[in-house]
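Heads up, final_12.pdb below (PDB, C-alpha atoms and all ligand atoms):
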```
ATOM      1  CA  MET A  71     -88.174 132.190   4.175
ATOM      2  CA  PRO A  72     -84.762 133.354   3.004
ATOM      3  CA  ASN A  73     -81.796 132.124   4.981
ATOM      4  CA  TRP A  74     -78.688 134.116   5.750
ATOM      5  CA  ALA A  75     -76.778 132.700   2.783
ATOM      6  CA  ILE A  76     -79.348 134.182   0.399
ATOM      7  CA  HIS A  77     -79.441 137.426   2.401
ATOM      8  CA  LEU A  78     -75.655 137.749   2.072
ATOM      9  CA  ILE A  79     -75.010 136.483  -1.431
ATOM     10  CA  VAL A  80     -77.771 138.284  -3.339
ATOM     11  CA  PRO A  81     -76.948 141.924  -2.415
ATOM     12  CA  LEU A  82     -73.212 141.170  -2.450
ATOM     13  CA  LEU A  83     -73.363 139.986  -6.058
ATOM     14  CA  ALA A  84     -75.715 142.806  -7.044
ATOM     15  CA  LEU A  85     -73.348 145.412  -5.567
ATOM     16  CA  LEU A  86     -70.266 143.800  -7.106
ATOM     17  CA  ILE A  87     -71.978 143.916 -10.508
ATOM     18  CA  VAL A  88     -72.935 147.602 -10.330
ATOM     19  CA  ARG A  89     -70.087 148.917  -8.145
ATOM     20  CA  LYS A  90     -67.598 151.578  -8.900
ATOM     21  CA  LYS A  91     -64.170 149.981  -8.806
ATOM     22  CA  GLU A  92     -62.938 151.758  -5.668
ATOM     23  CA  ASP A  93     -66.001 150.800  -3.596
ATOM     24  CA  TRP A  94     -65.236 147.101  -3.219
ATOM     25  CA  LYS A  95     -63.743 147.509   0.299
ATOM     26  CA  TYR A  96     -66.914 149.106   1.640
ATOM     27  CA  ILE A  97     -69.012 146.441  -0.075
ATOM     28  CA  LEU A  98     -67.108 143.683   1.763
ATOM     29  CA  LEU A  99     -66.752 145.477   5.118
ATOM     30  CA  LEU A 100     -70.434 146.406   5.301
ATOM     31  CA  LEU A 101     -71.667 142.977   4.186
ATOM     32  CA  PRO A 102     -72.718 141.915   7.741
ATOM     33  CA  LEU A 103     -75.406 144.630   7.572
ATOM     34  CA  ALA A 104     -77.267 142.329   5.180
ATOM     35  CA  VAL A 105     -78.177 140.074   8.131
ATOM     36  CA  VAL A 106     -78.254 142.598  10.997
ATOM     37  CA  SER A 107     -82.034 142.960  10.613
ATOM     38  CA  ASP A 108     -82.571 139.522  12.111
ATOM     39  CA  LEU A 109     -81.045 140.677  15.403
ATOM     40  CA  ASP A 110     -84.408 142.260  16.220
ATOM     41  CA  SER A 111     -85.392 138.785  17.429
ATOM     42  CA  PHE A 112     -83.139 139.405  20.447
ATOM     43  CA  VAL A 113     -84.429 142.883  21.221
ATOM     44  CA  THR A 114     -88.154 143.026  20.630
ATOM     45  CA  GLN A 115     -90.315 141.199  18.143
ATOM     46  CA  HIS A 116     -89.045 139.676  14.955
ATOM     47  CA  ARG A 117     -89.539 141.335  11.560
ATOM     48  CA  ALA A 118     -90.510 144.764  12.917
ATOM     49  CA  LEU A 119     -87.878 146.912  14.672
ATOM     50  CA  LEU A 120     -85.140 146.271  12.079
ATOM     51  CA  HIS A 121     -87.336 145.187   9.171
ATOM     52  CA  ASN A 122     -89.070 148.471   8.282
ATOM     53  CA  ILE A 123     -88.788 150.940   5.439
ATOM     54  CA  PHE A 124     -87.537 153.758   7.698
ATOM     55  CA  ILE A 125     -84.079 152.222   8.187
ATOM     56  CA  PRO A 126     -83.031 152.401   4.513
ATOM     57  CA  VAL A 127     -84.822 155.747   4.133
ATOM     58  CA  ILE A 128     -82.902 157.272   7.077
ATOM     59  CA  LEU A 129     -79.633 155.891   5.680
ATOM     60  CA  LEU A 130     -80.390 157.472   2.297
ATOM     61  CA  ILE A 131     -81.166 160.813   3.950
ATOM     62  CA  LEU A 132     -77.827 160.592   5.778
ATOM     63  CA  ALA A 133     -76.129 159.828   2.445
ATOM     64  CA  TRP A 134     -77.693 162.932   0.963
ATOM     65  CA  ARG A 135     -76.842 165.159   3.965
ATOM     66  CA  LEU A 136     -73.317 163.851   4.584
ATOM     67  CA  GLN A 137     -71.793 163.778   1.127
ATOM     68  CA  GLU A 138     -68.344 162.647   2.333
ATOM     69  CA  TYR A 139     -69.831 159.399   3.655
ATOM     70  CA  LYS A 140     -72.273 158.976   0.811
ATOM     71  CA  THR A 141     -70.864 155.661  -0.442
ATOM     72  CA  ILE A 142     -70.966 154.082   3.024
ATOM     73  CA  PHE A 143     -74.555 155.131   3.691
ATOM     74  CA  VAL A 144     -75.820 154.141   0.235
ATOM     75  CA  ILE A 145     -74.248 150.675   0.459
ATOM     76  CA  SER A 146     -75.659 150.260   3.993
ATOM     77  CA  ALA A 147     -79.119 151.287   2.779
ATOM     78  CA  ILE A 148     -78.924 148.712  -0.035
ATOM     79  CA  TYR A 149     -77.966 145.936   2.402
ATOM     80  CA  PHE A 150     -80.909 146.731   4.697
ATOM     81  CA  ALA A 151     -83.341 147.223   1.805
ATOM     82  CA  SER A 152     -82.401 143.919   0.179
ATOM     83  CA  HIS A 153     -83.010 142.081   3.469
ATOM     84  CA  ILE A 154     -86.384 143.732   3.937
ATOM     85  CA  VAL A 155     -87.502 143.112   0.340
ATOM     86  CA  MET A 156     -86.488 139.445   0.450
ATOM     87  CA  ASP A 157     -88.315 138.913   3.760
ATOM     88  CA  MET A 158     -91.349 140.651   2.255
ATOM     89  CA  PHE A 159     -91.360 137.950  -0.431
ATOM     90  CA  GLY A 160     -90.810 135.338   2.295
ATOM     91  CA  GLY A 161     -93.765 135.813   4.625
ATOM     92  CA  GLY A 162     -93.838 139.559   5.208
ATOM     93  CA  VAL A 163     -92.372 142.399   7.274
ATOM     94  CA  VAL A 164     -93.905 145.116   9.461
ATOM     95  CA  LEU A 165     -92.926 147.666   6.821
ATOM     96  CA  PHE A 166     -94.272 150.778   8.568
ATOM     97  CA  TYR A 167     -93.282 149.846  12.141
ATOM     98  CA  PRO A 168     -93.973 151.462  14.619
ATOM     99  CA  PHE A 169     -96.809 153.391  12.930
ATOM    100  CA  TYR A 170     -98.783 150.549  11.385
ATOM    101  CA  ASP A 171     -98.451 146.933  12.467
ATOM    102  CA  GLY A 172     -99.775 145.135   9.379
ATOM    103  CA  MET A 173     -97.277 142.803   7.719
ATOM    104  CA  ALA A 174     -96.611 143.811   4.143
ATOM    105  CA  PHE A 175     -96.133 140.705   2.019
ATOM    106  CA  VAL A 176     -95.650 139.662  -1.582
ATOM    107  CA  ASP A 177     -96.313 136.052  -2.487
ATOM    108  CA  ALA A 178     -94.880 135.148  -5.875
ATOM    109  CA  SER A 179     -94.039 131.596  -6.802
ATOM    110  CA  LEU A 180     -93.893 129.304  -9.781
ATOM    111  CA  ARG A 181     -94.164 125.577  -9.150
ATOM    112  CA  ILE A 182     -95.236 122.269 -10.675
ATOM    113  CA  ASN A 183     -98.235 120.702  -8.924
ATOM    114  CA  ASP A 184     -99.398 117.045  -8.654
ATOM    115  CA  MET A 185    -101.159 117.268 -12.014
ATOM    116  CA  LYS A 186     -97.853 118.384 -13.582
ATOM    117  CA  ASP A 187     -99.286 121.820 -14.314
ATOM    118  CA  LEU A 188     -97.285 124.967 -13.941
ATOM    119  CA  VAL A 189     -98.851 127.044 -11.174
ATOM    120  CA  TRP A 190     -98.019 130.737 -10.878
ATOM    121  CA  THR A 191     -99.061 132.408  -7.636
ATOM    122  CA  PHE A 192     -99.041 136.156  -7.228
ATOM    123  CA  ASP A 193    -100.547 138.002  -4.289
ATOM    124  CA  TYR A 194     -99.652 140.996  -2.141
ATOM    125  CA  GLY A 195    -101.076 143.143   0.627
ATOM    126  CA  PHE A 196    -101.020 143.269   4.401
ATOM    127  CA  ASN A 197    -101.398 140.344   6.796
ATOM    128  CA  GLU A 198    -102.018 140.439  10.502
ATOM    129  CA  TYR A 199     -98.793 140.537  12.540
ATOM    130  CA  ASP A 200     -99.686 137.559  14.678
ATOM    131  CA  ALA A 201     -98.122 135.769  17.631
ATOM    132  CA  GLY A 202     -96.377 133.252  15.370
ATOM    133  CA  TRP A 203     -94.301 136.002  13.767
ATOM    134  CA  LYS A 204     -93.776 137.990  16.953
ATOM    135  CA  THR A 205     -92.047 135.086  18.638
ATOM    136  CA  ALA A 206     -90.311 133.750  15.502
ATOM    137  CA  LEU A 207     -86.533 133.852  15.520
ATOM    138  CA  GLY A 208     -84.211 135.047  12.784
ATOM    139  CA  TYR A 209     -83.496 132.295  10.343
ATOM    140  CA  ILE A 210     -79.837 131.469   9.930
ATOM    141  CA  THR A 211     -79.339 128.797   7.319
ATOM    142  CA  ASP A 212     -80.918 125.622   6.029
ATOM    143  CA  SER A 213     -79.074 122.966   4.110
ATOM    144  CA  PRO A 214     -79.595 124.456   0.592
ATOM    145  CA  GLY A 215     -78.426 127.793   2.011
ATOM    146  CA  THR A 216     -75.228 126.244   3.340
ATOM    147  CA  GLY A 217     -74.682 124.559  -0.028
ATOM    148  CA  ALA A 218     -75.177 127.860  -1.844
ATOM    149  CA  MET A 219     -72.726 129.597   0.483
ATOM    150  CA  LEU A 220     -70.074 126.886  -0.040
ATOM    151  CA  PHE A 221     -70.498 127.134  -3.814
ATOM    152  CA  VAL A 222     -69.908 130.905  -3.779
ATOM    153  CA  LEU A 223     -67.054 130.524  -1.262
ATOM    154  CA  PHE A 224     -65.226 128.043  -3.516
ATOM    155  CA  ALA A 225     -65.737 130.360  -6.503
ATOM    156  CA  GLY A 226     -64.175 133.180  -4.452
ATOM    157  CA  ILE A 227     -61.198 131.041  -3.396
ATOM    158  CA  TRP A 228     -60.694 129.909  -7.002
ATOM    159  CA  ALA A 229     -60.811 133.508  -8.266
ATOM    160  CA  ALA A 230     -58.297 134.625  -5.606
ATOM    161  CA  TYR A 231     -56.001 131.683  -6.405
ATOM    162  CA  THR A 232     -55.992 132.212 -10.174
ATOM    163  CA  ARG A 233     -55.396 135.937  -9.697
ATOM    164  CA  LEU A 234     -52.435 135.206  -7.408
ATOM    165  CA  ARG A 235     -50.931 132.878 -10.013
ATOM    166  CA  GLU A 236     -51.382 135.439 -12.778
ATOM    167  CA  ASN A 237     -49.547 138.031 -10.719
ATOM    168  CA  LYS A 238     -46.506 135.830 -10.156
TER     169      LYS A 238
HETATM  170 ZN    ZN A 301     -85.106 138.967   8.376
END
```
Could you express the structure from this file as structure tokens?
Amino acid sequence: MPNWAIHLIVPLLALLIVRKKEDWKYILLLLPLAVVSDLDSFVTQHRALLHNIFIPVILLILAWRLQEYKTIFVISAIYFASHIVMDMFGGGVVLFYPFYDGMAFVDASLRINDMKDLVWTFDYGFNEYDAGWKTALGYITDSPGTGAMLFVLFAGIWAAYTRLRENK
């Protein structure tokens, strides 16, 4: 399942690639929203309350209704949606909570098996939302996740440093 490093880095880079120049402050300030979904572990059951399609949809409706805050709501919706999509590829989410408690999942992987064959798996649908998921806790980071985060962090420090030197 995706760790927080992946949940933070992927939408951050995606938004920085497509952003309008003046939006970068909102992109950085709202970044924590990319991992807020996992707080549902503390409140109710994991991967339901804050892992459903209605959160980004409501944020997009707010963006449409409140034009002055459009940028903020759209960026927030993207952070939530990216978390939900990545978790859907990593086990599943209760996408239509609280109306339907099946776990929507997509299983897509490419790996090399013992026979040295390439094995492509692709499956999707709804799984039962069972006790294992209900009591699971939000995943913070594993070792590859920490490594990935450090790599991006050093790139950021390097970029800031070279920009500072250029401006001297
Ligand atoms: Zn999650």
**Q.** Site check for ligand ZN 301 (chain A): residues at most 8 Å away, all atoms listed in the file, as an MDAnalysis selection string
**A.** chainID A and resid 72 105 107:108 116:117 121 153:154 157 208:209
(Q) Which residues are close to A:Gly202, i.e. within 12 Å by all atoms listed in the file, leaving aside same-chain residues fewer than 3 positions away? Reply as a ChimeraX atom specification. (A) /A:115-117,161,198-199,205-207
Q) Between atom CA of A:Tyr194 and atom CA of A:Gly162, what is the distance, to one decimal in Å? A)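 Calculated distance between atom CA of A:Tyr194 and atom CA of A:Gly162 is 9.5 Å.
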Using 6 Å of padding on each side, determine the axis-aligned box around all atoms of stretch 207-212 of chain A present in the file and give its centre and edge lengths in Å to one decimal, as AutoDock Vina command-line options.
```
--center_x -82.9 --center_y 130.3 --center_z 10.8 --size_x 19.2 --size_y 21.4 --size_z 21.5
```
Q) Using all atoms listed in the file, can you list as a count of residues only the residues within 12 Å of (-91.0, 138.4, 0.4)? A) 32
(Q) Taking all atoms listed in the file into account, name the residue in A:Leu132, A:Ala218, A:Leu109, A:Val144 that is nearest to A:Tyr96. (A)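 Ranked by minimum distance to A:Tyr96, first place goes to A:Val144.
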Q.
Would you compute the distance between atom CA of A:Thr114 and atom CA of A:Gly172? Give it in Å to one decimal.
A.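 For atom CA of A:Thr114 relative to atom CA of A:Gly172, the distance reads 16.3 Å.
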Q: Write out as a VMD selection string which residues come within 8 Å of A:Tyr149 when counting only C-alpha atoms, dropping same-chain ones fewer than 6 positions away.
A: chain A and resid 81 101 103 to 104
Need to verify the contact set: stretch 221-235 of chain A, 12 Å, all atoms listed in the file, exclusion of same-chain residues closer than 5 positions in sequence. Can you return it as a CSV table (one decimal) with C-alpha atoms, in the coordinates of the input?
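Result file result34.csv:
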```csv
chain,number,residue,atom,x,y,z
A,75,ALA,CA,-76.8,132.7,2.8
A,76,ILE,CA,-79.3,134.2,0.4
A,78,LEU,CA,-75.7,137.7,2.1
A,79,ILE,CA,-75.0,136.5,-1.4
A,80,VAL,CA,-77.8,138.3,-3.3
A,82,LEU,CA,-73.2,141.2,-2.4
A,83,LEU,CA,-73.4,140.0,-6.1
A,214,PRO,CA,-79.6,124.5,0.6
A,215,GLY,CA,-78.4,127.8,2.0
A,216,THR,CA,-75.2,126.2,3.3
```
Q.
One number please: atom CA of A:Ile97 to atom CA of A:Asp212, in Å, one decimal.
A.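 Atom CA of A:Ile97 sits 24.7 Å away from atom CA of A:Asp212.
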Q. Closest to A:Tyr167 among A:Leu99, A:Ala84, A:Ile123, A:Leu220, using all atoms listed in the file?
A.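 Of all the options, A:Ile123 lies closest to A:Tyr167.
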N, CA and C atoms are needed for stretch 138-162 of chain A; please write them out as a tab-separated table (two decimals), in the coordinates of the input.
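Output (rebuild-v1.tsv):
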```tsv
chain	number	residue	atom	x	y	z
A	138	GLU	N	-69.64	163.35	2.26
A	138	GLU	CA	-68.34	162.65	2.33
A	138	GLU	C	-68.51	161.16	2.62
A	139	TYR	N	-69.62	160.80	3.31
A	139	TYR	CA	-69.83	159.40	3.66
A	139	TYR	C	-70.90	158.76	2.78
A	140	LYS	N	-71.18	159.41	1.67
A	140	LYS	CA	-72.27	158.98	0.81
A	140	LYS	C	-72.20	157.48	0.46
A	141	THR	N	-71.01	157.06	-0.01
A	141	THR	CA	-70.86	155.66	-0.44
A	141	THR	C	-71.23	154.69	0.67
A	142	ILE	N	-70.72	154.97	1.89
A	142	ILE	CA	-70.97	154.08	3.02
A	142	ILE	C	-72.46	153.99	3.33
A	143	PHE	N	-73.13	155.15	3.35
A	143	PHE	CA	-74.56	155.13	3.69
A	143	PHE	C	-75.40	154.50	2.59
A	144	VAL	N	-75.04	154.73	1.34
A	144	VAL	CA	-75.82	154.14	0.24
A	144	VAL	C	-75.68	152.62	0.25
A	145	ILE	N	-74.45	152.13	0.42
A	145	ILE	CA	-74.25	150.68	0.46
A	145	ILE	C	-74.99	150.08	1.66
A	146	SER	N	-74.93	150.74	2.82
A	146	SER	CA	-75.66	150.26	3.99
A	146	SER	C	-77.16	150.20	3.72
A	147	ALA	N	-77.68	151.25	3.09
A	147	ALA	CA	-79.12	151.29	2.78
A	147	ALA	C	-79.49	150.12	1.87
A	148	ILE	N	-78.63	149.82	0.89
A	148	ILE	CA	-78.92	148.71	-0.04
A	148	ILE	C	-78.93	147.38	0.71
A	149	TYR	N	-77.98	147.18	1.64
A	149	TYR	CA	-77.97	145.94	2.40
A	149	TYR	C	-79.24	145.77	3.23
A	150	PHE	N	-79.66	146.83	3.91
A	150	PHE	CA	-80.91	146.73	4.70
A	150	PHE	C	-82.11	146.53	3.78
A	151	ALA	N	-82.18	147.31	2.69
A	151	ALA	CA	-83.34	147.22	1.80
A	151	ALA	C	-83.45	145.83	1.18
A	152	SER	N	-82.32	145.24	0.81
A	152	SER	CA	-82.40	143.92	0.18
A	152	SER	C	-82.94	142.89	1.18
A	153	HIS	N	-82.51	143.01	2.45
A	153	HIS	CA	-83.01	142.08	3.47
A	153	HIS	C	-84.52	142.23	3.62
A	154	ILE	N	-84.97	143.47	3.70
A	154	ILE	CA	-86.38	143.73	3.94
A	154	ILE	C	-87.22	143.26	2.74
A	155	VAL	N	-86.75	143.54	1.54
A	155	VAL	CA	-87.50	143.11	0.34
A	155	VAL	C	-87.59	141.59	0.28
A	156	MET	N	-86.46	140.91	0.54
A	156	MET	CA	-86.49	139.44	0.45
A	156	MET	C	-87.40	138.84	1.51
A	157	ASP	N	-87.41	139.41	2.72
A	157	ASP	CA	-88.32	138.91	3.76
A	157	ASP	C	-89.77	139.21	3.40
A	158	MET	N	-89.99	140.31	2.68
A	158	MET	CA	-91.35	140.65	2.26
A	158	MET	C	-91.87	139.58	1.30
A	159	PHE	N	-90.99	139.05	0.47
A	159	PHE	CA	-91.36	137.95	-0.43
A	159	PHE	C	-91.39	136.61	0.32
A	160	GLY	N	-90.87	136.58	1.52
A	160	GLY	CA	-90.81	135.34	2.30
A	160	GLY	C	-91.63	135.46	3.57
A	161	GLY	N	-92.89	135.76	3.45
A	161	GLY	CA	-93.76	135.81	4.62
A	161	GLY	C	-94.28	137.21	4.91
A	162	GLY	N	-93.39	138.19	4.97
A	162	GLY	CA	-93.84	139.56	5.21
A	162	GLY	C	-92.99	140.26	6.27
```
